[in-house]
Amino acid sequence: MIGGGLLHYWVVIALMMTGLYTMIARQNLVKKIMGLNIFQVSVILFYVSLGKVAGGTAPILKELAPGEPAPLYSNPLPHVLMLTAIVVGVAVTALGLALVVRIRAAYGTVEEDALRKLDEEERAERSTGGGA
Amino acid sequence: MTHLPVLQIALPLIAAPLCVLLRHARAVQIFAVLVAWACLGIALALLGAALPGGAISYELGGWPAPLGIEYRVDLANAFVLVVVSALGAVVLPIGPGRRGHAVPPRREYLFYASFLLCMAGLMGVAITGDIFNVFVFLEISSLAAYTLIALGRQRQALRAAFSYLMMGTIGGTFVLIGIGFLYQMTGTLNMADLQRLLPAVQQSRSVHAAFAFLTVGIGIKLAVFPLHQWLPNAYSFAPPAVSAFLASTATKVAYYLLVRLAFGVFGTAYVFGALGLGALLLPLALLAMFVGALAAIYQSDLKRLLAYSSVSQIGYMILGLSFGTATGLTGGLVHIANHALTKGGLFLAVACIVAQTGSSALSDLRGLSRRMPWTFAAIAIGGLGLIGAPGTAGFVSKWYLVLAALSAGRPEVAFAVLLSSLLAGIYVWRVLEAAWFRDPVQSAPRGEAPLRILIPTWVLIGASLYFGVFTEWTAGIAEAAARQLLEGAP
Amino acid sequence: MSAISALPPGTLLIAGALLLPLLRGAALKAWLLALPLLSFAHQLQAPEAGPPLQFFGLELVLLRADPLALAFGVVFHLAALIAALYALQLQDRMQHAAGLLYAGAAIAALFAGDLITLFIFWEFTALASVLLIWARRSERARHAGLRYLVVQVGSGVLLLAGAALHYRATGSLAFGALAPQSPGGALILLAFGVKAAFPLLHNWLQDAYPEATVTGTVFLSAFTTKLAIYALARGFAGTELLIPIGVTMTFFPIFYAVVENDMRRVLAYSLNNQLGYMVVGIGVGTPLALSGTVAHAFSHIIYKSLLFMAMGAVLLRVGRIGASQLGGLYRSMPWTTAFCIVGAVSISGLPLFSGFISKSLILSAAAEQHHTVAWAMLIIASAGVLKHSGIKIPYFAFFAHDSGLRVREAPLPMLIAMGAAATACLVIGVWPQLLYDILPHPVNYEPYTAAHVIGQLQLLLFAALAFALLLRFRIYPPELRATNLDTDWLYRRALPAAIRAAARAQRRLRAAAQTRAARLGHALIAWLRRHHTPPGLLGEPWSAGATALWAALLLAASLLLFYLRTAAAG
Amino acid sequence: MQQHSGNGGNGEQGAGGGLDSRRAGDWAIRLLCAACLLVLLLDGLLHLFHAKHGHFAAENWFGFYGAAGALSICGIVLGGRWLRRLVMRDEDYYERD
């Protein structure tokens, strides 16, 4: 059902790896969310490429002149699905950013290593405080 | 009656924004609780309708499958629906917690709205027969869960929610990729249709990749070892009611989904015969059982201890799945209900403790059993359930797992199950020891927890005892559901 | 009525225990005494077999009342009644309840017709009995109880595992004769062995029993190990392996009993030694030997609880129980002294007392089957029994040197209980046919022949004389307050030390590995550490990155597995 | 049953006249000796007038059980002394650390 070579796969995989790497390697929570976005976009592109039919046009029905062959349409379903996926992605991003705002208010930083250190200090304090 | 399947989802889904409109804390609470109980009623009605053995199919908007979205209720998912809605109905009345929590009373309606959304999402995953719909509901429930977890009273709850969000989204996206591959190979999203079309293309690498992505993606939501790392923080920093609900339902629904895909969509022969999924899952399950239990032993906080114990219990469920046999699957499915009741009850008991002391650290439990006898009796019974002592629901599950291991010719696995029960005995003992045999600290509370929390706790713990003895509603249904799944009718 | 008679005897005790919180005062006491009697009546009218019960598709037989179970049932009821009487003046309702639950579970276990029912009551006895240890409410008791519980529950787990294997091998769960060579049978034998305190598996007994409450030890001494003896007699009668095991059991505790100071621990070692006779009897396995085992279990339960009751009364009044801390108590506790001596001569096997007529059955059976070595060892052990239980217990507690202790006599209910047990010892000893008649196999044995009586008297008197002379010439080791190492050293000392050492070694290794990694400039590890610090398995799981990495790894692993499998298949 | 109640021995405060005094111990030993002699005598009579028929030849030896009893006790007590050297520790051995 899909045509073309494998180029779109490579693009998708490159984007996916970029996103994953950003999530793994970056300490800044906002950057992590950006990585997450890139990761999700790669999947959206993957779906869009699934729906692409070589030589197909946008799937908009039009009045056919008598004798005119029906045009080759792209598969619209993956595209429609991606509308939902984009909505999900937006919701995740929004919620993630909202959490970052709250984290910033509660901790005063959005760097993962600083957060970890703050939590560790707090725990150490509590355990020594509890022991005394 | 004919619209029951859609009502099951639509009711909480519509009720959630209504909560936001209603705003008044008490009114919203009553409304949300009523909705939750209505959901339970619908789920029970659906289970009753599915009991004869057939599947109820409901076509959304009148579009017939495979083009339209189909809701399909058979024994397995009716069973899951009942578990999810029952836990929701029992836990929701507790509310977001009173003492120093992060939700000011005038914003409590948001808690109830999120909770209903989470329920709707989880039930949606179970009920839908459309695989893309599964992804959507999975994300609805996850988004609601992130929100709920962030409501915990410590600031670590925010970090826990954020980590869960990152990991959960990776999992969700993996699922999405898997669905994409499936669609690419078959051109359909309807699960029944997929089951029909897949055998023709199952030798292709895309289908292998689809299954791998789906397994790993669901594995994250299911907290399969070593993808469990979001779970301990999420459960230990969330508000008590949320921990109780999520711990007993979220991972169970993911488990159901994996079972449905493995047995119902891809087919037992393909998944366990050709791909050898069992060889992958069995070591992970064993590792989860032991690492989870060992980690639980070393925790100094009761909620965290229970969270790691969940990792270990999820290991049992995966173990049941990994044999790919009816007995194993029965063990896994029945553990959905049994562990939901036991762990839900235990987390609610923690809610009782937190309501009275403001802490769930083991060192603050010292001598508390004298002040809160009912709460700690519940913890003792629930703990026995985790160990799998006879007479509790946990025994029933372990019984099937041991039986499955033996009939699969793996006595050493059966032995491992029993051995990890001993580990469970140790961490349960740590709790009981602190509560029973230590002298109370000065700041110990005056008395028993409020009935508002204590009654739901005992409802769940009592149910776990009941189902430890009378098993036709748990093991009986699970067995029939497992048979239905294995025979291949989705 | 028919519904109740379908339940195994003992369930009445369990149900009755649940009523305890509602009762107080005289009603409570009456109920405590009435329950064992009611339960015994329940046993008398029990049908030979109850209806099978369907449970997860398995057929369970809750009630199977054959002569072996009934014989043990009689003595278990008697012990429950005596122990309840002994504990009567106790104010602690939890102990009453625990004692009843424990006795009830042990009795119900006797009537279990299948391995699953047996397992359930087996574990039930463990859970109920540990309460009797914890009821002492001391730090030592708490730890000892925990160790006890781990061993007991572990025995249950072994039993369940063995039952599952047995079921797989044979398709039957019925509890009858089992094959010790099959893996299932071996596990079950091990489970029974733990509870019967086989050598090297024995130490929970000496560890826990002396830490229980005054009245708790009386209950404990009666049921747990004898339930195991019953189970061995049912499952492994005639297993030759049991003879050397039993002989070892009769033998080594004697030496420990010489040096042990805590009188209740001496009795625990003596209990172990007595179990050895029964295990030998089971190993010999002829009808005479099995009857001897049951008879010996019967008389043993009575005189051993009598001895534990006497020592309990001393502990209650004096507050101490070390041999070195007692002495001269016969002045202030004359009745207790007298009853204790009855128990002591019974266990030593003096003619006219119960030990004489039961132990000789086992010895004769061993001789008839020409187990010469076993027989000789049992003769030596008989002298040992006299030494540690027959003489050491009454002598050091009530005579020896006057410790100056002047206490009150034991409370009346305790005296009545001891008196009842002492009477039972004497009655059985004088009219052995009373006991022989309830044994599972008909016994045609006359203990009172001139040769037998004179031989036994000779053995006992010369042994007593030797003991007295050794004591007189100070060769007998003095009583010292001390801890004597036994196999519990392995898990109380060696194991924790090994774990600590392993933890230290692991820390050192990890440190070494880290420095080496740093020295080699291992770029990958450094990168991993810098970027996402993958949490250890037990560490703080914060990082989403680690999960992403694991997910990728798992994905790669599963893809590889799937491709390889399908490639191999294709 | 007298042999038990009269078993006094190494009483430290042997001056008193009670059953726990040294004098009582000495009397007990005398009594035991007498009893032993009596039983040996009975054993001899049994040998003369009544053929014994134990399962093992050893059982029929004169004074076999007496020798077995006395020797066993000596062995056990000496074994106990040796065992004590091996296993005895302080009373609070397990409570330490």
# chains A, B, ... in the order shown; residues from 1 in each chain; ligands from 1
>>> interface_residues(of="chain B", to="chain A", cutoff="10 Å", atoms="only C-alpha atoms", output="MDAnalysis selection string")
chainID B and resid 132:133 135:136 139:140 142:144 146:147 150 154:159 161:163 165:170 172:174 176:177 179:181 183:188 300 363:364
>>> write_last_selection(atoms="C-alpha atoms", output="PDB file, in the first residue's frame")
ATOM      1  CA  PHE B 132      -6.074   2.787  17.965  1.00  0.00           C
ATOM      2  CA  ASN B 133      -8.817   3.515  20.436  1.00  0.00           C
ATOM      3  CA  PHE B 135      -3.930   4.042  22.491  1.00  0.00           C
ATOM      4  CA  VAL B 136      -6.254   6.994  22.972  1.00  0.00           C
ATOM      5  CA  GLU B 139      -3.241   8.184  27.074  1.00  0.00           C
ATOM      6  CA  ILE B 140      -6.436   9.546  28.660  1.00  0.00           C
ATOM      7  CA  SER B 142      -2.238   8.118  31.852  1.00  0.00           C
ATOM      8  CA  LEU B 143      -2.700  11.879  31.598  1.00  0.00           C
ATOM      9  CA  ALA B 144      -5.286  11.755  34.358  1.00  0.00           C
ATOM     10  CA  TYR B 146      -0.049  12.034  36.039  1.00  0.00           C
ATOM     11  CA  THR B 147      -2.324  14.797  37.300  1.00  0.00           C
ATOM     12  CA  ALA B 150       1.075  15.371  41.195  1.00  0.00           C
ATOM     13  CA  GLN B 154       5.188  16.393  49.209  1.00  0.00           C
ATOM     14  CA  ARG B 155       7.001  18.217  46.450  1.00  0.00           C
ATOM     15  CA  GLN B 156       8.566  14.961  45.351  1.00  0.00           C
ATOM     16  CA  ALA B 157       5.127  14.096  44.015  1.00  0.00           C
ATOM     17  CA  LEU B 158       5.711  16.613  41.244  1.00  0.00           C
ATOM     18  CA  ARG B 159       8.965  14.978  40.236  1.00  0.00           C
ATOM     19  CA  ALA B 161       4.560  12.708  38.192  1.00  0.00           C
ATOM     20  CA  PHE B 162       7.012  14.262  35.751  1.00  0.00           C
ATOM     21  CA  SER B 163       9.132  11.112  35.566  1.00  0.00           C
ATOM     22  CA  LEU B 165       4.911  11.377  32.372  1.00  0.00           C
ATOM     23  CA  MET B 166       8.152  10.979  30.492  1.00  0.00           C
ATOM     24  CA  MET B 167       8.260   7.216  30.852  1.00  0.00           C
ATOM     25  CA  GLY B 168       4.544   6.768  30.278  1.00  0.00           C
ATOM     26  CA  THR B 169       4.710   8.808  27.113  1.00  0.00           C
ATOM     27  CA  ILE B 170       7.609   6.774  25.811  1.00  0.00           C
ATOM     28  CA  GLY B 172       2.460   5.191  24.833  1.00  0.00           C
ATOM     29  CA  THR B 173       4.469   6.204  21.801  1.00  0.00           C
ATOM     30  CA  PHE B 174       5.948   2.726  21.502  1.00  0.00           C
ATOM     31  CA  LEU B 176       1.542   3.870  18.781  1.00  0.00           C
ATOM     32  CA  ILE B 177       4.480   2.709  16.665  1.00  0.00           C
ATOM     33  CA  ILE B 179      -0.098  -0.027  15.990  1.00  0.00           C
ATOM     34  CA  GLY B 180       1.342   1.762  12.969  1.00  0.00           C
ATOM     35  CA  PHE B 181       3.227  -1.360  11.891  1.00  0.00           C
ATOM     36  CA  TYR B 183      -1.906  -1.039  10.243  1.00  0.00           C
ATOM     37  CA  GLN B 184       0.794  -0.977   7.629  1.00  0.00           C
ATOM     38  CA  MET B 185       0.651  -4.743   7.281  1.00  0.00           C
ATOM     39  CA  THR B 186      -3.076  -5.305   7.486  1.00  0.00           C
ATOM     40  CA  GLY B 187      -4.862  -2.052   6.777  1.00  0.00           C
ATOM     41  CA  THR B 188      -7.205  -2.464   9.680  1.00  0.00           C
ATOM     42  CA  SER B 300      11.815   2.494  55.296  1.00  0.00           C
ATOM     43  CA  SER B 363       9.608   4.260  62.202  1.00  0.00           C
ATOM     44  CA  ASP B 364       6.415   6.217  62.839  1.00  0.00           C
TER      45      ASP B 364
END
>>> residues_around(residues="stretch 68-75 of chain D", least_positions_apart="2", cutoff="10 Å", atoms="only C-alpha atoms", output="MDAnalysis selection string")
(chainID C and resid 255 376:377 379:387 456:467 469:470 475:476) or (chainID D and resid 63:66 77:81)
>>> select_by_dssp(residues="stretch 62-234 of chain B", states="alpha helix (DSSP H)", output="ChimeraX atom specification")
/B:75-91,108-127,131-150,156-186,191-201,205-222,231-234
>>> residues_around(residues="B:Pro96", least_positions_apart="2", cutoff="9 Å", atoms="only C-alpha atoms", output="CSV table (one decimal) with N, CA and C atoms, in the first residue's frame")
chain,number,residue,atom,x,y,z
B,92,LEU,N,-13.0,6.1,45.6
B,92,LEU,CA,-13.3,7.5,45.4
B,92,LEU,C,-13.9,8.2,46.6
B,94,ILE,N,-13.1,8.4,49.5
B,94,ILE,CA,-12.1,8.9,50.4
B,94,ILE,C,-11.7,10.3,50.0
B,98,ARG,N,-7.1,14.9,53.5
B,98,ARG,CA,-7.4,16.2,54.2
B,98,ARG,C,-6.2,16.8,54.7
B,101,HIS,N,-2.7,18.3,52.4
B,101,HIS,CA,-2.6,17.9,51.0
B,101,HIS,C,-2.5,19.1,50.1
B,102,ALA,N,-2.2,18.8,48.8
B,102,ALA,CA,-1.9,19.8,47.9
B,102,ALA,C,-3.1,20.4,47.2
B,103,VAL,N,-4.3,19.9,47.5
B,103,VAL,CA,-5.5,20.4,46.9
B,103,VAL,C,-6.2,21.2,47.9
B,108,GLU,N,-11.1,21.0,45.0
B,108,GLU,CA,-11.2,19.5,45.0
B,108,GLU,C,-12.0,19.0,43.8
B,111,PHE,N,-9.8,17.2,41.4
B,111,PHE,CA,-9.4,15.8,41.8
B,111,PHE,C,-10.5,14.8,41.3
B,112,TYR,N,-11.8,15.1,41.6
B,112,TYR,CA,-12.8,14.2,41.2
B,112,TYR,C,-12.9,14.1,39.7
B,148,LEU,N,-3.2,13.2,38.9
B,148,LEU,CA,-3.6,12.7,40.2
B,148,LEU,C,-2.3,12.6,41.1
B,151,LEU,N,-0.8,15.5,42.8
B,151,LEU,CA,-1.5,16.1,43.9
B,151,LEU,C,-1.0,15.7,45.2
B,152,GLY,N,0.0,14.9,45.3
B,152,GLY,CA,0.5,14.4,46.6
B,152,GLY,C,1.0,15.6,47.4
B,239,PRO,N,-1.4,11.0,46.5
B,239,PRO,CA,-2.3,11.0,47.6
B,239,PRO,C,-2.7,9.5,47.8
B,240,PRO,N,-3.1,9.2,49.1
B,240,PRO,CA,-3.4,7.8,49.4
B,240,PRO,C,-4.4,7.1,48.5
B,241,ALA,N,-5.5,7.9,48.3
B,241,ALA,CA,-6.6,7.3,47.5
B,241,ALA,C,-6.1,7.0,46.1
B,242,VAL,N,-5.3,7.9,45.6
B,242,VAL,CA,-4.8,7.7,44.2
B,242,VAL,C,-3.8,6.5,44.2
>>> residues_around(residues="stretch 84-90 of chain D", least_positions_apart="3", cutoff="8 Å", atoms="only C-alpha atoms", output="ChimeraX atom specification")
/C:259,481-486 /D:80-81,93
